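**Q** Here it is: the structure, laid out below.
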Amino acid sequence: MNINDAKNIDIVSFLSKRGISPVRTNGTQYLYLSPFRNEANPSFSVSIKRNKWYDFGLGEGGDVISLVRKLHNANFREASEILVGQRYSKFTPQSFSSSKKENTSKITKSIDTIESSSLISYLNERRVSFKIVECCNELFEVEYCAKSGKLIAAIGFKNDKGGFELRNNFLKLSTSPKAITTIHGAAKELNVFEGFMDYLSALTYYNTSQLEGTSIILNGVGQKKDLMEVIHKYDQVTLYLDNDKAGYDLVNQVHAVHSNVRNMGLMLYPTSKDFNEFLVNRKRAENYSDQRDVQTVGEVIASIIPQMPT
């Protein structure tokens, strides 16, 4: 196998050899849990029509060579050698009917309040207070039609161009057009979040329906260009990004263009992947502490009450 052959290796085959299987398929898209981080919902997509990958969390994608380079932190030559040294299936272009579209989801209804008990339960599982976030103007209950024709309810977070980020217990999707979400405030302070669940987590943590200043939710770091275009308008920038390579890279880029930056990823939740994980772990710790307190009280009561004779 030469380098040209390596470029034509089937990405699905490459992932399969590494024990990475798709969580589900959606037309010509195979959806995976990202190989670049731990996650519960798939955000890594492979097009079996074009043999290309895309990671929605990173906002990056490409061919099999770029995938291997990112996985192994390798240069082009090193990545090619990795591929040449293994046996993978060659990508064979397939013909697909023009009636089949890669984006098969269609929004059939959206309401500006969340009524579904299952979606409210989903927020509770993520430790997001529904009472606090229910007045968020960007938060919707969305019904969309999947390729199978099934109508599925999801939490929809609206972006500046009218597209939605969709979430429920089983999915993590975006609808076109993809864009940032801007929540305007009066102060000269800018809060930056990578995803809307982290923004809702911040509202819960600070017990407020809106943060001071303006908040921008990137809906994936792939939208960072829009952020960099407006960041100079603010006196202070507070970052609530993921503690991973993509998050660190963006922190460094913001520091390079702005002199007053606070990185809450390191200040508030340095041992958690993101704000929501921090919130979930914090609630679990509080619940455990409460249980220990109850147990201690029980032990005290037991120690002062005489034992019944046997």
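Chain identifiers are assigned as A, B, and so on, following the order in which chains appear in the structure tokens; residues are numbered from 1 within each chain, and ligands are numbered from 1 in order of appearance.
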Can you check which residues of region 65-186 of chain A DSSP gives as alpha helix (DSSP H) on the backbone and send them as number ranges by chain?
**A** A: 65-72, 76-84, 117-125, 130-133
**Q** What lies within 10 Å of Ile216 (chain A) using only C-alpha atoms, ignoring chain neighbours under 2 positions off, as a PyMOL selection string?
**A** chain A and resi 159+180-184+190-196+199+214+218-219+226-227+239
**Q** Could you take the residues named above and write them with N, CA, C and O atoms, as a PDB file, in the first residue's frame?
**A**
```pdb
ATOM      1  N   ASN A 159     -30.435  29.572  17.680  1.00  0.00           N
ATOM      2  CA  ASN A 159     -29.273  30.420  17.418  1.00  0.00           C
ATOM      3  C   ASN A 159     -29.684  31.708  16.712  1.00  0.00           C
ATOM      4  O   ASN A 159     -30.867  31.938  16.425  1.00  0.00           O
ATOM      5  N   ILE A 180     -23.898  31.033  16.161  1.00  0.00           N
ATOM      6  CA  ILE A 180     -23.820  31.289  17.588  1.00  0.00           C
ATOM      7  C   ILE A 180     -25.172  31.795  18.086  1.00  0.00           C
ATOM      8  O   ILE A 180     -26.045  32.177  17.298  1.00  0.00           O
ATOM      9  N   THR A 181     -25.349  31.780  19.402  1.00  0.00           N
ATOM     10  CA  THR A 181     -26.515  32.393  20.036  1.00  0.00           C
ATOM     11  C   THR A 181     -26.019  33.546  20.892  1.00  0.00           C
ATOM     12  O   THR A 181     -25.126  33.375  21.716  1.00  0.00           O
ATOM     13  N   THR A 182     -26.579  34.730  20.673  1.00  0.00           N
ATOM     14  CA  THR A 182     -26.193  35.919  21.427  1.00  0.00           C
ATOM     15  C   THR A 182     -27.338  36.356  22.327  1.00  0.00           C
ATOM     16  O   THR A 182     -28.458  36.576  21.860  1.00  0.00           O
ATOM     17  N   ILE A 183     -27.055  36.447  23.623  1.00  0.00           N
ATOM     18  CA  ILE A 183     -28.037  36.922  24.598  1.00  0.00           C
ATOM     19  C   ILE A 183     -27.515  38.256  25.119  1.00  0.00           C
ATOM     20  O   ILE A 183     -26.554  38.311  25.878  1.00  0.00           O
ATOM     21  N   HIS A 184     -28.138  39.323  24.675  1.00  0.00           N
ATOM     22  CA  HIS A 184     -27.609  40.662  24.900  1.00  0.00           C
ATOM     23  C   HIS A 184     -27.851  41.145  26.322  1.00  0.00           C
ATOM     24  O   HIS A 184     -28.868  40.857  26.944  1.00  0.00           O
ATOM     25  N   LEU A 190     -18.521  40.286  28.545  1.00  0.00           N
ATOM     26  CA  LEU A 190     -18.937  39.203  27.657  1.00  0.00           C
ATOM     27  C   LEU A 190     -18.661  37.862  28.318  1.00  0.00           C
ATOM     28  O   LEU A 190     -17.548  37.597  28.771  1.00  0.00           O
ATOM     29  N   ASN A 191     -19.693  37.022  28.385  1.00  0.00           N
ATOM     30  CA  ASN A 191     -19.564  35.645  28.854  1.00  0.00           C
ATOM     31  C   ASN A 191     -19.593  34.724  27.638  1.00  0.00           C
ATOM     32  O   ASN A 191     -20.456  34.874  26.771  1.00  0.00           O
ATOM     33  N   VAL A 192     -18.686  33.771  27.580  1.00  0.00           N
ATOM     34  CA  VAL A 192     -18.592  32.888  26.414  1.00  0.00           C
ATOM     35  C   VAL A 192     -18.730  31.438  26.866  1.00  0.00           C
ATOM     36  O   VAL A 192     -18.006  30.975  27.752  1.00  0.00           O
ATOM     37  N   PHE A 193     -19.680  30.736  26.239  1.00  0.00           N
ATOM     38  CA  PHE A 193     -19.933  29.330  26.527  1.00  0.00           C
ATOM     39  C   PHE A 193     -19.760  28.519  25.255  1.00  0.00           C
ATOM     40  O   PHE A 193     -20.091  28.975  24.162  1.00  0.00           O
ATOM     41  N   GLU A 194     -19.288  27.291  25.438  1.00  0.00           N
ATOM     42  CA  GLU A 194     -19.105  26.415  24.279  1.00  0.00           C
ATOM     43  C   GLU A 194     -20.428  25.814  23.818  1.00  0.00           C
ATOM     44  O   GLU A 194     -20.685  25.685  22.628  1.00  0.00           O
ATOM     45  N   GLY A 195     -21.278  25.430  24.780  1.00  0.00           N
ATOM     46  CA  GLY A 195     -22.567  24.827  24.449  1.00  0.00           C
ATOM     47  C   GLY A 195     -23.664  25.369  25.342  1.00  0.00           C
ATOM     48  O   GLY A 195     -23.410  25.924  26.414  1.00  0.00           O
ATOM     49  N   PHE A 196     -24.920  25.199  24.899  1.00  0.00           N
ATOM     50  CA  PHE A 196     -26.015  25.816  25.646  1.00  0.00           C
ATOM     51  C   PHE A 196     -26.289  25.127  26.974  1.00  0.00           C
ATOM     52  O   PHE A 196     -26.799  25.756  27.907  1.00  0.00           O
ATOM     53  N   TYR A 199     -24.383  26.948  29.432  1.00  0.00           N
ATOM     54  CA  TYR A 199     -25.022  28.226  29.736  1.00  0.00           C
ATOM     55  C   TYR A 199     -26.165  28.028  30.730  1.00  0.00           C
ATOM     56  O   TYR A 199     -26.279  28.771  31.719  1.00  0.00           O
ATOM     57  N   THR A 214     -23.395  40.516  28.323  1.00  0.00           N
ATOM     58  CA  THR A 214     -23.826  39.760  27.148  1.00  0.00           C
ATOM     59  C   THR A 214     -23.233  38.359  27.208  1.00  0.00           C
ATOM     60  O   THR A 214     -22.093  38.183  27.630  1.00  0.00           O
ATOM     61  N   LEU A 218     -21.412  29.478  21.752  1.00  0.00           N
ATOM     62  CA  LEU A 218     -20.819  29.175  20.449  1.00  0.00           C
ATOM     63  C   LEU A 218     -21.544  28.066  19.712  1.00  0.00           C
ATOM     64  O   LEU A 218     -21.493  27.991  18.483  1.00  0.00           O
ATOM     65  N   ASN A 219     -22.213  27.172  20.461  1.00  0.00           N
ATOM     66  CA  ASN A 219     -22.828  25.981  19.856  1.00  0.00           C
ATOM     67  C   ASN A 219     -21.782  25.166  19.086  1.00  0.00           C
ATOM     68  O   ASN A 219     -22.018  24.688  17.977  1.00  0.00           O
ATOM     69  N   ASP A 226     -16.983  33.977  14.602  1.00  0.00           N
ATOM     70  CA  ASP A 226     -17.982  34.991  14.934  1.00  0.00           C
ATOM     71  C   ASP A 226     -17.666  35.645  16.272  1.00  0.00           C
ATOM     72  O   ASP A 226     -17.904  36.842  16.465  1.00  0.00           O
ATOM     73  N   LEU A 227     -17.136  34.863  17.201  1.00  0.00           N
ATOM     74  CA  LEU A 227     -16.747  35.404  18.501  1.00  0.00           C
ATOM     75  C   LEU A 227     -15.603  36.402  18.349  1.00  0.00           C
ATOM     76  O   LEU A 227     -15.647  37.506  18.911  1.00  0.00           O
ATOM     77  N   LEU A 239     -14.624  33.379  30.174  1.00  0.00           N
ATOM     78  CA  LEU A 239     -14.744  32.166  29.374  1.00  0.00           C
ATOM     79  C   LEU A 239     -15.206  30.990  30.225  1.00  0.00           C
ATOM     80  O   LEU A 239     -14.641  30.716  31.281  1.00  0.00           O
TER      81      LEU A 239
END
```
**Q** In Å, with one decimal, what is the gap from CA of Ser110 (chain A) to CA of Asn207 (chain A)?
**A**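 Between these atoms lies a distance of 26.4 Å.
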**Q** Could you give me the residues within region 37-223 of chain A that DSSP places in strand (DSSP E or B), as a PyMOL selection string?
**A** chain A and resi 44-47+52-55+60-62+90+106-111+139-145+151-158+164-167+172-174+181-183+189-193+214-217
**Q** From the set A:Asn168, A:Val133, A:Val64, A:Val23, which residue has the shortest atom-to-atom contact distance to Phe44 (chain A), counting only C-alpha atoms?
**A**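 Of the candidates, the smallest distance to Phe44 (chain A) is held by A:Val23.
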